[in-house]
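*Asks:* Provided below: upload.txt, containing compact mmCIF, C-alpha atoms.
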```txt
# COMPACT_ATOMS: atom_id res chain seq x y z
CA MET Z 1 16.33 11.46 -17.27
CA GLN Z 2 14.21 12.92 -14.51
CA ILE Z 3 10.43 12.51 -14.68
CA ALA Z 4 8.45 14.60 -12.20
CA ILE Z 5 4.89 13.83 -11.14
CA PRO Z 6 3.41 16.61 -8.99
CA LEU Z 7 0.77 15.38 -6.56
CA PHE Z 8 -1.88 17.31 -4.64
CA ASP Z 9 -4.64 16.54 -2.16
CA ARG Z 10 -7.37 14.35 -3.73
CA PHE Z 11 -5.50 13.35 -6.87
CA THR Z 12 -6.67 10.17 -8.62
CA ALA Z 13 -4.22 7.34 -7.91
CA LEU Z 14 -4.28 5.62 -11.29
CA ASP Z 15 -3.73 8.93 -13.13
CA ALA Z 16 -0.29 9.04 -11.53
CA VAL Z 17 0.51 5.35 -11.09
CA GLY Z 18 -0.30 4.33 -14.68
CA PRO Z 19 2.40 6.59 -16.21
CA TYR Z 20 4.75 5.91 -13.28
CA GLU Z 21 4.51 2.16 -13.91
CA VAL Z 22 5.49 2.65 -17.56
CA LEU Z 23 8.04 5.47 -17.29
CA SER Z 24 9.90 4.12 -14.23
CA ARG Z 25 10.89 1.16 -16.43
CA LEU Z 26 12.70 3.35 -18.97
CA PRO Z 27 16.45 2.62 -18.82
CA GLY Z 28 18.22 5.39 -16.92
CA ALA Z 29 15.03 7.16 -15.94
CA ARG Z 30 13.93 8.17 -12.46
CA VAL Z 31 10.40 9.13 -11.48
CA ASP Z 32 10.20 11.69 -8.68
CA PHE Z 33 6.89 12.47 -7.02
CA VAL Z 34 6.76 16.05 -5.74
CA VAL Z 35 4.26 17.99 -3.66
CA GLY Z 36 3.82 21.41 -2.06
CA GLU Z 37 4.46 20.10 1.46
CA PRO Z 38 6.30 16.76 1.76
CA GLY Z 39 4.47 14.12 3.75
CA VAL Z 40 1.43 11.99 3.07
CA VAL Z 41 -0.77 12.98 0.13
CA ARG Z 42 -4.17 11.35 0.08
CA THR Z 43 -6.11 10.36 -3.02
CA ASP Z 44 -9.63 11.39 -4.02
CA THR Z 45 -11.18 8.46 -2.13
CA ARG Z 46 -9.05 9.16 1.00
CA MET Z 47 -8.39 5.39 1.08
CA LEU Z 48 -4.80 5.59 -0.20
CA GLY Z 49 -1.93 7.75 1.02
CA VAL Z 50 1.29 8.29 -0.90
CA HIS Z 51 4.38 9.27 1.03
CA VAL Z 52 6.24 12.04 -0.82
CA ASP Z 53 9.72 13.15 0.27
CA LEU Z 54 10.34 15.89 -2.28
CA SER Z 55 8.80 19.33 -2.43
CA LEU Z 56 8.11 21.24 -5.62
CA ASP Z 57 11.24 23.29 -4.85
CA ASP Z 58 13.41 20.16 -4.87
CA VAL Z 59 12.73 19.43 -8.54
CA ARG Z 60 12.93 22.56 -10.66
CA THR Z 61 14.10 21.32 -14.05
CA PRO Z 62 12.62 17.89 -14.80
CA ASP Z 63 13.02 16.45 -18.28
CA VAL Z 64 9.44 15.20 -18.27
CA VAL Z 65 6.40 16.44 -16.38
CA VAL Z 66 3.29 14.28 -15.84
CA VAL Z 67 0.37 16.08 -14.19
CA PRO Z 68 -2.36 13.78 -12.85
CA GLY Z 69 -5.99 14.77 -12.31
CA GLY Z 70 -8.69 14.07 -9.78
CA ILE Z 71 -11.41 15.93 -7.93
CA GLY Z 72 -8.61 17.80 -6.14
CA THR Z 73 -7.90 19.75 -9.32
CA ARG Z 74 -10.77 22.02 -8.26
CA THR Z 75 -8.53 23.33 -5.51
CA ALA Z 76 -5.25 22.82 -7.36
CA LEU Z 77 -6.42 25.12 -10.17
CA ALA Z 78 -6.12 28.02 -7.71
CA ASP Z 79 -2.80 26.89 -6.22
CA GLU Z 80 -0.47 29.57 -7.56
CA ARG Z 81 2.62 27.81 -6.27
CA LEU Z 82 1.73 24.67 -8.20
CA LEU Z 83 0.85 26.67 -11.32
CA ASP Z 84 4.14 28.60 -11.12
CA TRP Z 85 5.98 25.29 -10.81
CA VAL Z 86 4.18 23.88 -13.86
CA ARG Z 87 4.99 26.98 -15.93
CA ALA Z 88 8.67 26.91 -14.98
CA ALA Z 89 9.00 23.15 -15.44
CA HIS Z 90 7.30 23.33 -18.83
CA GLU Z 91 9.75 25.97 -19.99
CA GLY Z 92 12.71 23.60 -19.70
CA SER Z 93 10.99 20.24 -20.22
CA GLN Z 94 11.44 17.85 -23.11
CA TYR Z 95 7.84 16.71 -22.63
CA THR Z 96 4.96 18.18 -20.65
CA THR Z 97 2.07 15.78 -20.19
CA SER Z 98 -1.14 15.27 -18.28
CA VAL Z 99 -3.69 12.58 -17.49
CA CYS Z 100 -7.41 13.15 -17.00
CA THR Z 101 -8.20 16.54 -15.42
CA GLY Z 102 -4.48 17.16 -15.04
CA SER Z 103 -4.87 19.03 -18.34
CA LEU Z 104 -7.01 21.59 -16.48
CA ILE Z 105 -3.95 22.38 -14.36
CA LEU Z 106 -1.79 22.72 -17.48
CA ALA Z 107 -4.42 25.01 -18.95
CA ALA Z 108 -4.72 27.10 -15.79
CA ALA Z 109 -0.94 27.53 -15.91
CA GLY Z 110 -1.28 28.91 -19.44
CA VAL Z 111 0.46 25.98 -21.09
CA LEU Z 112 -2.50 25.04 -23.30
CA ASP Z 113 -3.59 28.43 -24.66
CA GLY Z 114 -5.03 27.65 -28.09
CA VAL Z 115 -3.52 24.15 -28.01
CA ASP Z 116 -5.39 20.95 -28.93
CA ALA Z 117 -5.77 18.82 -25.79
CA THR Z 118 -7.95 16.27 -24.07
CA THR Z 119 -9.21 15.49 -20.57
CA HIS Z 120 -11.77 13.32 -18.76
CA TRP Z 121 -14.99 13.20 -20.81
CA LEU Z 122 -16.88 15.00 -18.05
CA ALA Z 123 -14.44 17.95 -18.01
CA THR Z 124 -14.35 18.96 -21.67
CA ASP Z 125 -16.26 22.20 -21.13
CA ILE Z 126 -13.97 23.28 -18.31
CA LEU Z 127 -10.92 22.55 -20.45
CA ALA Z 128 -12.33 24.77 -23.22
CA SER Z 129 -13.16 27.54 -20.74
CA LEU Z 130 -9.50 27.54 -19.68
CA GLY Z 131 -8.31 28.28 -23.20
CA ALA Z 132 -7.45 24.87 -24.67
CA ARG Z 133 -9.10 23.33 -27.72
CA PRO Z 134 -10.68 20.02 -26.70
CA VAL Z 135 -10.05 17.07 -29.01
CA ASP Z 136 -11.89 13.79 -28.52
CA GLU Z 137 -8.99 11.33 -28.68
CA ARG Z 138 -7.40 8.86 -26.27
CA PHE Z 139 -4.36 11.11 -26.06
CA VAL Z 140 -3.39 14.21 -27.98
CA GLU Z 141 0.21 14.90 -28.95
CA ARG Z 142 1.10 18.42 -30.07
CA GLY Z 143 4.81 19.09 -30.14
CA LYS Z 144 6.18 18.38 -26.69
CA ILE Z 145 2.76 18.49 -25.05
CA ILE Z 146 0.82 15.24 -24.65
CA THR Z 147 -2.52 15.19 -22.85
CA ALA Z 148 -4.44 11.99 -22.09
CA ALA Z 149 -8.15 11.34 -21.55
CA GLY Z 150 -9.57 10.09 -18.24
CA VAL Z 151 -7.66 8.08 -15.61
CA SER Z 152 -6.64 4.86 -17.41
CA ALA Z 153 -5.67 6.75 -20.59
CA GLY Z 154 -2.40 7.62 -18.89
CA LEU Z 155 -1.18 4.09 -19.64
CA ASP Z 156 -1.66 4.53 -23.37
CA MET Z 157 -0.15 8.03 -23.34
CA ALA Z 158 2.87 6.87 -21.35
CA LEU Z 159 3.63 4.09 -23.82
CA ARG Z 160 3.69 6.63 -26.64
CA LEU Z 161 5.93 8.85 -24.52
CA ALA Z 162 8.21 5.88 -23.80
CA GLU Z 163 8.52 5.34 -27.55
CA ARG Z 164 9.41 8.99 -28.12
CA ILE Z 165 12.08 8.82 -25.43
CA ALA Z 166 13.60 5.36 -25.94
CA GLY Z 167 12.25 3.93 -29.19
CA ALA Z 168 9.55 1.43 -30.12
CA ASP Z 169 11.34 -1.73 -28.94
CA VAL Z 170 11.83 -0.41 -25.42
CA ALA Z 171 8.25 0.88 -25.26
CA GLN Z 172 6.93 -2.47 -26.45
CA ALA Z 173 9.11 -4.34 -23.94
CA ILE Z 174 7.57 -2.20 -21.19
CA GLN Z 175 4.09 -2.99 -22.50
CA LEU Z 176 5.00 -6.68 -22.33
CA ALA Z 177 6.57 -6.37 -18.87
CA ILE Z 178 3.32 -4.95 -17.49
CA GLU Z 179 1.36 -7.40 -19.65
CA TYR Z 180 -0.80 -4.61 -21.01
CA ASP Z 181 -2.93 -6.68 -23.34
CA PRO Z 182 -6.26 -5.28 -22.22
CA GLU Z 183 -9.40 -7.41 -22.19
CA PRO Z 184 -12.01 -5.43 -20.29
CA PRO Z 185 -15.08 -7.61 -19.66
CA PHE Z 186 -17.33 -4.81 -20.95
CA ASP Z 187 -17.11 -2.18 -23.67
CA SER Z 188 -18.40 0.83 -21.77
CA GLY Z 189 -15.22 2.85 -21.29
CA SER Z 190 -16.39 5.77 -23.41
CA PRO Z 191 -19.63 7.79 -23.30
CA ARG Z 192 -20.05 6.88 -26.98
CA LYS Z 193 -20.16 3.20 -26.07
CA ALA Z 194 -21.92 3.06 -22.70
CA THR Z 195 -25.70 2.81 -22.39
CA PRO Z 196 -27.60 5.93 -21.26
CA ALA Z 197 -28.30 4.25 -17.90
CA VAL Z 198 -24.59 3.62 -17.38
CA VAL Z 199 -23.71 7.20 -18.36
CA ASP Z 200 -26.27 8.46 -15.82
CA LEU Z 201 -24.80 6.22 -13.12
CA ALA Z 202 -21.27 7.44 -13.83
CA MET Z 203 -22.39 11.08 -13.75
CA ALA Z 204 -24.24 10.53 -10.46
CA GLY Z 205 -21.09 8.99 -9.00
CA GLN Z 206 -19.05 11.96 -10.08
CA ARG Z 207 -21.55 14.40 -8.53
CA ALA Z 208 -21.46 12.47 -5.25
CA GLU Z 209 -17.66 12.59 -5.25
CA ALA Z 210 -17.65 16.34 -5.89
CA GLN Z 211 -20.19 16.86 -3.10
CA ALA Z 212 -18.13 14.79 -0.67
CA ALA Z 213 -15.04 16.84 -1.53
CA VAL Z 214 -16.89 20.10 -0.80
CA GLU Z 215 -18.31 18.85 2.49
CA SER Z 216 -15.09 17.54 3.97
CA MET C 217 -18.04 -4.26 2.24
CA GLN C 218 -14.39 -4.32 3.26
CA ILE C 219 -11.75 -4.94 0.60
CA ALA C 220 -8.26 -5.64 1.91
CA ILE C 221 -5.09 -5.24 -0.14
CA PRO C 222 -2.02 -6.57 1.69
CA LEU C 223 1.19 -4.80 0.68
CA PHE C 224 4.80 -5.85 1.18
CA ASP C 225 8.24 -4.46 0.39
CA ARG C 226 8.83 -4.24 -3.40
CA PHE C 227 5.24 -4.79 -4.52
CA THR C 228 4.32 -3.52 -8.00
CA ALA C 229 2.28 -0.34 -7.70
CA LEU C 230 -0.15 -0.91 -10.55
CA ASP C 231 -0.96 -4.44 -9.34
CA ALA C 232 -2.52 -2.84 -6.27
CA VAL C 233 -3.69 0.51 -7.64
CA GLY C 234 -5.54 -0.90 -10.66
CA PRO C 235 -8.00 -2.94 -8.56
CA TYR C 236 -8.11 -0.20 -5.90
CA GLU C 237 -9.17 2.35 -8.52
CA VAL C 238 -12.05 0.11 -9.62
CA LEU C 239 -13.17 -1.38 -6.30
CA SER C 240 -12.98 1.82 -4.24
CA ARG C 241 -15.76 3.14 -6.50
CA LEU C 242 -18.19 0.38 -5.52
CA PRO C 243 -21.08 1.90 -3.54
CA GLY C 244 -20.62 1.20 0.16
CA ALA C 245 -17.20 -0.38 -0.27
CA ARG C 246 -14.00 0.53 1.52
CA VAL C 247 -10.52 -0.46 0.41
CA ASP C 248 -8.06 -0.95 3.27
CA PHE C 249 -4.36 -1.37 2.57
CA VAL C 250 -2.67 -3.52 5.22
CA VAL C 251 0.94 -4.44 5.90
CA GLY C 252 3.05 -6.34 8.45
CA GLU C 253 4.45 -3.18 10.01
CA PRO C 254 2.49 0.07 9.42
CA GLY C 255 4.49 2.87 7.86
CA VAL C 256 5.87 3.49 4.41
CA VAL C 257 5.94 0.54 2.01
CA ARG C 258 8.10 1.02 -1.06
CA THR C 259 7.41 -0.39 -4.48
CA ASP C 260 9.69 -2.58 -6.62
CA THR C 261 11.35 0.47 -8.22
CA ARG C 262 11.84 2.17 -4.79
CA MET C 263 10.54 5.35 -6.47
CA LEU C 264 7.09 5.28 -4.85
CA GLY C 265 6.17 4.91 -1.19
CA VAL C 266 2.69 4.13 0.07
CA HIS C 267 1.78 5.15 3.59
CA VAL C 268 -0.14 2.34 5.29
CA ASP C 269 -1.84 2.84 8.67
CA LEU C 270 -3.26 -0.62 9.21
CA SER C 271 -1.40 -3.78 10.12
CA LEU C 272 -2.44 -7.25 9.05
CA ASP C 273 -3.85 -7.73 12.57
CA ASP C 274 -6.19 -4.77 12.12
CA VAL C 275 -8.12 -6.42 9.29
CA ARG C 276 -8.88 -10.05 10.04
CA THR C 277 -12.13 -10.72 8.19
CA PRO C 278 -12.25 -8.76 4.95
CA ASP C 279 -15.04 -9.52 2.48
CA VAL C 280 -12.63 -9.33 -0.43
CA VAL C 281 -8.87 -9.93 -0.59
CA VAL C 282 -6.71 -8.63 -3.44
CA VAL C 283 -3.07 -9.77 -3.32
CA PRO C 284 -0.71 -7.81 -5.59
CA GLY C 285 2.58 -9.12 -6.97
CA GLY C 286 6.00 -7.74 -7.66
CA ILE C 287 9.62 -8.78 -7.29
CA GLY C 288 9.05 -8.61 -3.52
CA THR C 289 7.00 -11.79 -3.70
CA ARG C 290 10.31 -13.67 -3.61
CA THR C 291 10.63 -12.63 0.01
CA ALA C 292 6.92 -12.52 0.73
CA LEU C 293 6.56 -16.21 -0.20
CA ALA C 294 8.51 -17.04 2.94
CA ASP C 295 6.69 -14.54 5.17
CA GLU C 296 4.72 -16.89 7.40
CA ARG C 297 2.79 -14.07 9.02
CA LEU C 298 1.55 -12.88 5.63
CA LEU C 299 0.74 -16.43 4.53
CA ASP C 300 -1.17 -17.09 7.76
CA TRP C 301 -3.11 -13.89 7.20
CA VAL C 302 -3.96 -14.90 3.63
CA ARG C 303 -5.15 -18.35 4.75
CA ALA C 304 -7.34 -16.91 7.51
CA ALA C 305 -8.73 -14.12 5.33
CA HIS C 306 -9.51 -16.58 2.54
CA GLU C 307 -11.48 -18.76 4.92
CA GLY C 308 -14.05 -16.05 5.55
CA SER C 309 -13.85 -14.09 2.32
CA GLN C 310 -16.51 -13.72 -0.34
CA TYR C 311 -13.76 -13.36 -2.94
CA THR C 312 -10.04 -14.06 -2.81
CA THR C 313 -8.13 -12.55 -5.71
CA SER C 314 -4.65 -11.79 -6.94
CA VAL C 315 -2.85 -9.79 -9.61
CA CYS C 316 0.38 -10.82 -11.32
CA THR C 317 2.72 -12.77 -9.04
CA GLY C 318 0.29 -12.21 -6.17
CA SER C 319 -1.02 -15.65 -7.15
CA LEU C 320 2.31 -17.12 -6.01
CA ILE C 321 1.50 -15.84 -2.52
CA LEU C 322 -1.98 -17.38 -2.68
CA ALA C 323 -0.38 -20.64 -3.82
CA ALA C 324 2.26 -20.57 -1.10
CA ALA C 325 -0.56 -20.11 1.41
CA GLY C 326 -2.18 -23.29 0.08
CA VAL C 327 -5.17 -21.50 -1.41
CA LEU C 328 -4.52 -22.67 -4.98
CA ASP C 329 -3.76 -26.38 -4.48
CA GLY C 330 -4.98 -28.03 -7.68
CA VAL C 331 -6.86 -24.88 -8.69
CA ASP C 332 -6.75 -23.28 -12.16
CA ALA C 333 -5.01 -19.91 -11.89
CA THR C 334 -2.88 -17.40 -13.75
CA THR C 335 0.05 -15.09 -13.05
CA HIS C 336 2.61 -12.94 -14.88
CA TRP C 337 3.73 -14.74 -18.05
CA LEU C 338 7.29 -15.01 -16.69
CA ALA C 339 6.14 -16.77 -13.50
CA THR C 340 4.02 -19.63 -14.87
CA ASP C 341 6.53 -22.34 -13.92
CA ILE C 342 6.80 -21.08 -10.35
CA LEU C 343 3.02 -21.02 -10.06
CA ALA C 344 2.87 -24.65 -11.17
CA SER C 345 5.66 -25.63 -8.76
CA LEU C 346 3.56 -24.20 -5.92
CA GLY C 347 0.64 -26.52 -6.68
CA ALA C 348 -1.68 -24.43 -8.88
CA ARG C 349 -2.67 -25.34 -12.45
CA PRO C 350 -1.60 -22.48 -14.74
CA VAL C 351 -4.17 -21.30 -17.28
CA ASP C 352 -3.23 -18.84 -20.00
CA GLU C 353 -6.07 -16.34 -19.69
CA ARG C 354 -6.33 -12.66 -18.81
CA PHE C 355 -7.99 -13.63 -15.54
CA VAL C 356 -9.20 -16.97 -14.23
CA GLU C 357 -12.35 -17.23 -12.13
CA ARG C 358 -12.91 -20.45 -10.20
CA GLY C 359 -15.59 -20.18 -7.57
CA LYS C 360 -14.65 -17.37 -5.23
CA ILE C 361 -11.03 -17.30 -6.39
CA ILE C 362 -10.06 -14.94 -9.22
CA THR C 363 -6.44 -14.62 -10.33
CA ALA C 364 -5.26 -12.10 -12.91
CA ALA C 365 -2.28 -12.11 -15.28
CA GLY C 366 0.54 -9.57 -15.08
CA VAL C 367 0.27 -6.07 -13.60
CA SER C 368 -2.33 -4.30 -15.77
CA ALA C 369 -4.60 -7.38 -15.83
CA GLY C 370 -5.82 -6.35 -12.39
CA LEU C 371 -8.00 -3.71 -14.05
CA ASP C 372 -9.84 -6.30 -16.13
CA MET C 373 -10.16 -8.69 -13.20
CA ALA C 374 -11.46 -5.97 -10.90
CA LEU C 375 -14.19 -4.99 -13.35
CA ARG C 376 -15.40 -8.60 -13.41
CA LEU C 377 -15.29 -8.64 -9.61
CA ALA C 378 -17.22 -5.36 -9.50
CA GLU C 379 -19.90 -6.98 -11.65
CA ARG C 380 -20.10 -10.01 -9.34
CA ILE C 381 -20.47 -7.73 -6.32
CA ALA C 382 -22.71 -4.95 -7.63
CA GLY C 383 -24.04 -5.95 -11.05
CA ALA C 384 -23.14 -5.12 -14.62
CA ASP C 385 -24.50 -1.54 -14.67
CA VAL C 386 -22.37 -0.49 -11.70
CA ALA C 387 -19.29 -2.22 -13.10
CA GLN C 388 -19.80 -0.54 -16.46
CA ALA C 389 -20.30 2.86 -14.81
CA ILE C 390 -16.96 2.38 -13.06
CA GLN C 391 -15.32 1.48 -16.36
CA LEU C 392 -16.76 4.70 -17.80
CA ALA C 393 -15.71 6.78 -14.78
CA ILE C 394 -12.11 5.68 -15.22
CA GLU C 395 -12.52 5.96 -19.00
CA TYR C 396 -11.12 2.48 -19.47
CA ASP C 397 -11.42 2.32 -23.25
CA PRO C 398 -7.89 1.08 -23.92
CA GLU C 399 -6.00 2.09 -27.04
CA PRO C 400 -2.40 1.01 -26.51
CA PRO C 401 -0.20 2.40 -29.29
CA PHE C 402 1.34 -1.08 -29.79
CA ASP C 403 0.08 -4.64 -29.65
CA SER C 404 2.91 -6.25 -27.71
CA GLY C 405 1.25 -6.84 -24.34
CA SER C 406 1.50 -10.62 -24.55
CA PRO C 407 4.45 -12.91 -25.34
CA ARG C 408 2.30 -14.37 -28.12
CA LYS C 409 2.10 -10.96 -29.79
CA ALA C 410 5.49 -9.33 -29.13
CA THR C 411 8.47 -9.83 -31.43
CA PRO C 412 11.30 -12.10 -30.21
CA ALA C 413 13.53 -9.02 -29.77
CA VAL C 414 10.92 -7.38 -27.55
CA VAL C 415 10.45 -10.57 -25.51
CA ASP C 416 14.23 -10.71 -24.99
CA LEU C 417 14.30 -7.08 -23.89
CA ALA C 418 11.47 -7.64 -21.41
CA MET C 419 13.20 -10.73 -19.98
CA ALA C 420 16.49 -8.85 -19.64
CA GLY C 421 14.68 -6.09 -17.78
CA GLN C 422 13.16 -8.60 -15.43
CA ARG C 423 16.54 -10.23 -14.73
CA ALA C 424 18.06 -6.82 -13.98
CA GLU C 425 15.24 -6.05 -11.57
CA ALA C 426 15.68 -9.37 -9.80
CA GLN C 427 19.44 -8.79 -9.55
CA ALA C 428 18.93 -5.30 -8.12
CA ALA C 429 16.54 -6.71 -5.53
CA VAL C 430 19.11 -9.30 -4.44
CA GLU C 431 21.95 -6.78 -4.21
CA SER C 432 20.16 -4.17 -2.14
```
Will you turn the file into structure tokens for me?
*Replies:*
Amino acid sequence: MQIAIPLFDRFTALDAVGPYEVLSRLPGARVDFVVGEPGVVRTDTRMLGVHVDLSLDDVRTPDVVVVPGGIGTRTALADERLLDWVRAAHEGSQYTTSVCTGSLILAAAGVLDGVDATTHWLATDILASLGARPVDERFVERGKIITAAGVSAGLDMALRLAERIAGADVAQAIQLAIEYDPEPPFDSGSPRKATPAVVDLAMAGQRAEAQAAVES
Amino acid sequence: MQIAIPLFDRFTALDAVGPYEVLSRLPGARVDFVVGEPGVVRTDTRMLGVHVDLSLDDVRTPDVVVVPGGIGTRTALADERLLDWVRAAHEGSQYTTSVCTGSLILAAAGVLDGVDATTHWLATDILASLGARPVDERFVERGKIITAAGVSAGLDMALRLAERIAGADVAQAIQLAIEYDPEPPFDSGSPRKATPAVVDLAMAGQRAEAQAAVES
């Protein structure tokens, strides 16, 4: 089983690494990172670089596609080569999935027209404008398409996907192997739960990140 | 504030990327990945390569140290250059932390002698044999030393660390930015919660990984 994760400049690391950490542990599965131009792909913060050997052309018919998000989606949404790749890969895939604003890329490729989907809580309007029907859930499974909410939601989505592929025992053994028994010290991971001051802080951080991406 | 994450061959990606994703969002903070020999460092699965520019010698006095784990710790425990670096960095650090079997490296460096600490649930005996006092908690904070349990526990630990560094509002805004509102589809993330069959599967997977690391 071949699982392809397409990367692009300024992707969010955990969007990709969360599902990778789960899915790479599936028996007989291989996770291949792919990119337009092989080399070093830097994350949204610029602090982390992933070395990618394979180009989009090297992996044409993956069994599973996982599209991460990040501030770089703003550029990636207009990357016709990436969108063509997503469309073609989706045609033959067993599962087409996304994390965070990766669903915007799926939508821009036409994969989510009229389909229930989710994204990062700050990107719901954009997702709707691209033709999908936003649903406020941790991950949304509709046929072979599974979209996850922001960043860390890729872990939860990937465990469900692992169950679909290899059964509940294997998925649960992976959860145990990565000791995913979450105990966050706060309960502010959703805009429904965070205080208004915390929501404001998070939105200000996102604006600063977007500004930095434009200026660089 | 400089946060250093030392990498080594066969580290576990999420051990490093979880804390990176949280701590890189601290205002004014920079996360620097460091390694013995700059270049591409591959993870335990060999499926992911991280490009690291900085050597251990380039970052001598970080404010915060985060040591990840992985099957590669078996070799890293005997890497005197890495252990020397950990000892020296710990001397001047504000916080010295680990994720998963990263605590074995801290222990081998002498940082955990007689100190309460945690690690991956499969590595508790080794942690004890290296002089630390294993505690069965998601993360264990003792003075400036914080150790986290297996793999995904680095997210929880890093949010606590973010609070210590920048206050609860900032830490909660980071939790919201990465939408860390976990909803795993199963409740098998701890050996106390998983079925015996699932525990056996996870242990078999770990043995296979260890075998593969020896053979390659």
*Asks:* Where does chain Z meet chain C within 7 Å, residue by residue, with the nearest atom pair and distance in Å to one decimal for each, counting all atoms listed in the file, listed by chain and rising number, as a tab-separated table?
*Replies:*
```
residue	atom	partner	partner_atom	distance
Z:Ala13	CA	C:Val233	CA	6.9
Z:Leu14	CA	C:Val233	CA	6.3
Z:Val17	CA	C:Leu230	CA	6.3
Z:Gly18	CA	C:Leu230	CA	6.7
Z:Glu21	CA	C:Leu230	CA	6.5
Z:Val31	CA	C:Met263	CA	6.3
Z:Asp32	CA	C:Met263	CA	6.7
Z:Val40	CA	C:His267	CA	6.9
Z:Met47	CA	C:Val247	CA	6.3
Z:Gly49	CA	C:His267	CA	5.2
Z:Val50	CA	C:Val266	CA	4.5
Z:His51	CA	C:Gly265	CA	5.2
Z:Arg138	CA	C:Glu399	CA	7.0
Z:Gly150	CA	C:Glu395	CA	5.1
Z:Val151	CA	C:Ile394	CA	5.1
Z:Ser152	CA	C:Tyr396	CA	5.5
Z:Ala153	CA	C:Pro398	CA	6.9
Z:Asp156	CA	C:Pro400	CA	4.8
Z:Leu159	CA	C:Pro401	CA	6.9
Z:Arg160	CA	C:Pro401	CA	6.3
Z:Asp169	CA	C:Val414	CA	5.8
Z:Gln172	CA	C:Ser404	CA	5.7
Z:Ala173	CA	C:Ala418	CA	4.8
Z:Ile174	CA	C:Ala418	CA	6.7
Z:Gln175	CA	C:Gly405	CA	5.1
Z:Leu176	CA	C:Gly405	CA	4.3
Z:Ala177	CA	C:Ala418	CA	5.7
Z:Ile178	CA	C:Val367	CA	5.1
Z:Glu179	CA	C:Gly405	CA	4.7
Z:Tyr180	CA	C:Gly405	CA	4.5
Z:Asp181	CA	C:Gly405	CA	4.3
Z:Pro182	CA	C:Pro398	CA	6.8
Z:Glu183	CA	C:Asp372	CA	6.2
Z:Pro184	CA	C:Asp372	CA	4.8
Z:Pro185	CA	C:Arg376	CA	6.3
Z:Phe186	CA	C:Gln388	CA	6.7
Z:Ser188	CA	C:Gln388	CA	5.7
Z:Gly189	CA	C:Leu392	CA	4.2
Z:Ser190	CA	C:Leu392	CA	5.7
Z:Pro191	CA	C:Leu392	CA	6.9
Z:Val198	CA	C:Ala389	CA	5.1
Z:Val199	CA	C:Ala389	CA	6.6
Z:Leu201	CA	C:Ala389	CA	5.9
Z:Ala202	CA	C:Ala389	CA	4.8
```
*Asks:* Distance atom CA of Z:Ala213-atom CA of Z:Arg74, one decimal place?
*Replies:*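 Interatomic distance, atom CA of Z:Ala213 to atom CA of Z:Arg74: 9.5 Å.
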*Asks:* Pick from C:Gly286, C:Leu239, C:Ile362, C:Ala344: nearest to C:Arg226, with only C-alpha atoms counted?
*Replies:*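 That would be C:Gly286, the residue with the smallest distance to C:Arg226.
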*Asks:* Determine, counting all atoms listed in the file, which protein, DNA and RNA residues have an atom within 10 Å of an atom of Z:Asp79; residues of the same chain fewer than 3 positions away are not included. Present the result as a ChimeraX atom specification.
*Replies:* /Z:8,36,73-76,82-84,105,108-109
*Asks:* Report, in Å to a single decimal, how far apart atom CA of Z:Val86 and atom CA of Z:Val64 are.
*Replies:*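 Going from atom CA of Z:Val64 over to atom CA of Z:Val86, I get 11.1 Å.
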*Asks:* Counting only C-alpha atoms, find residues at most 6 Å from (6.3, 19.1, 0.9) (file frame) and give them as a CSV table (one decimal) with C-alpha atoms, keeping the file's coordinate frame.
*Replies:*
```csv
chain,number,residue,atom,x,y,z
Z,35,VAL,CA,4.3,18.0,-3.7
Z,36,GLY,CA,3.8,21.4,-2.1
Z,37,GLU,CA,4.5,20.1,1.5
Z,38,PRO,CA,6.3,16.8,1.8
Z,55,SER,CA,8.8,19.3,-2.4
```
*Asks:* Which value, in Å to one decimal, gives the distance between atom CA of Z:Lys144 and atom CA of Z:Val34?
*Replies:*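 Atom CA of Z:Lys144 sits 21.1 Å away from atom CA of Z:Val34.
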*Asks:* Please determine, counting all atoms listed in the file, which residue among Z:Ala4, Z:Thr118, Z:Gln211, Z:Pro62 has the shortest atom-to-atom distance to Z:Asp44.
*Replies:*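 Using all atoms listed in the file, Z:Asp44 sits closest to Z:Gln211.
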*Asks:* Kindly provide, as JSON, numbers by chain, the polymer residues lying within 12 Å of (3.0, 17.4, -26.3), counting all atoms listed in the file and using the coordinates exactly as they appear in the file.
*Replies:* {"Z": [64, 65, 66, 90, 93, 94, 95, 96, 97, 98, 103, 106, 111, 112, 115, 116, 117, 118, 139, 140, 141, 142, 143, 144, 145, 146, 147, 148, 157, 158, 160, 161, 164]}
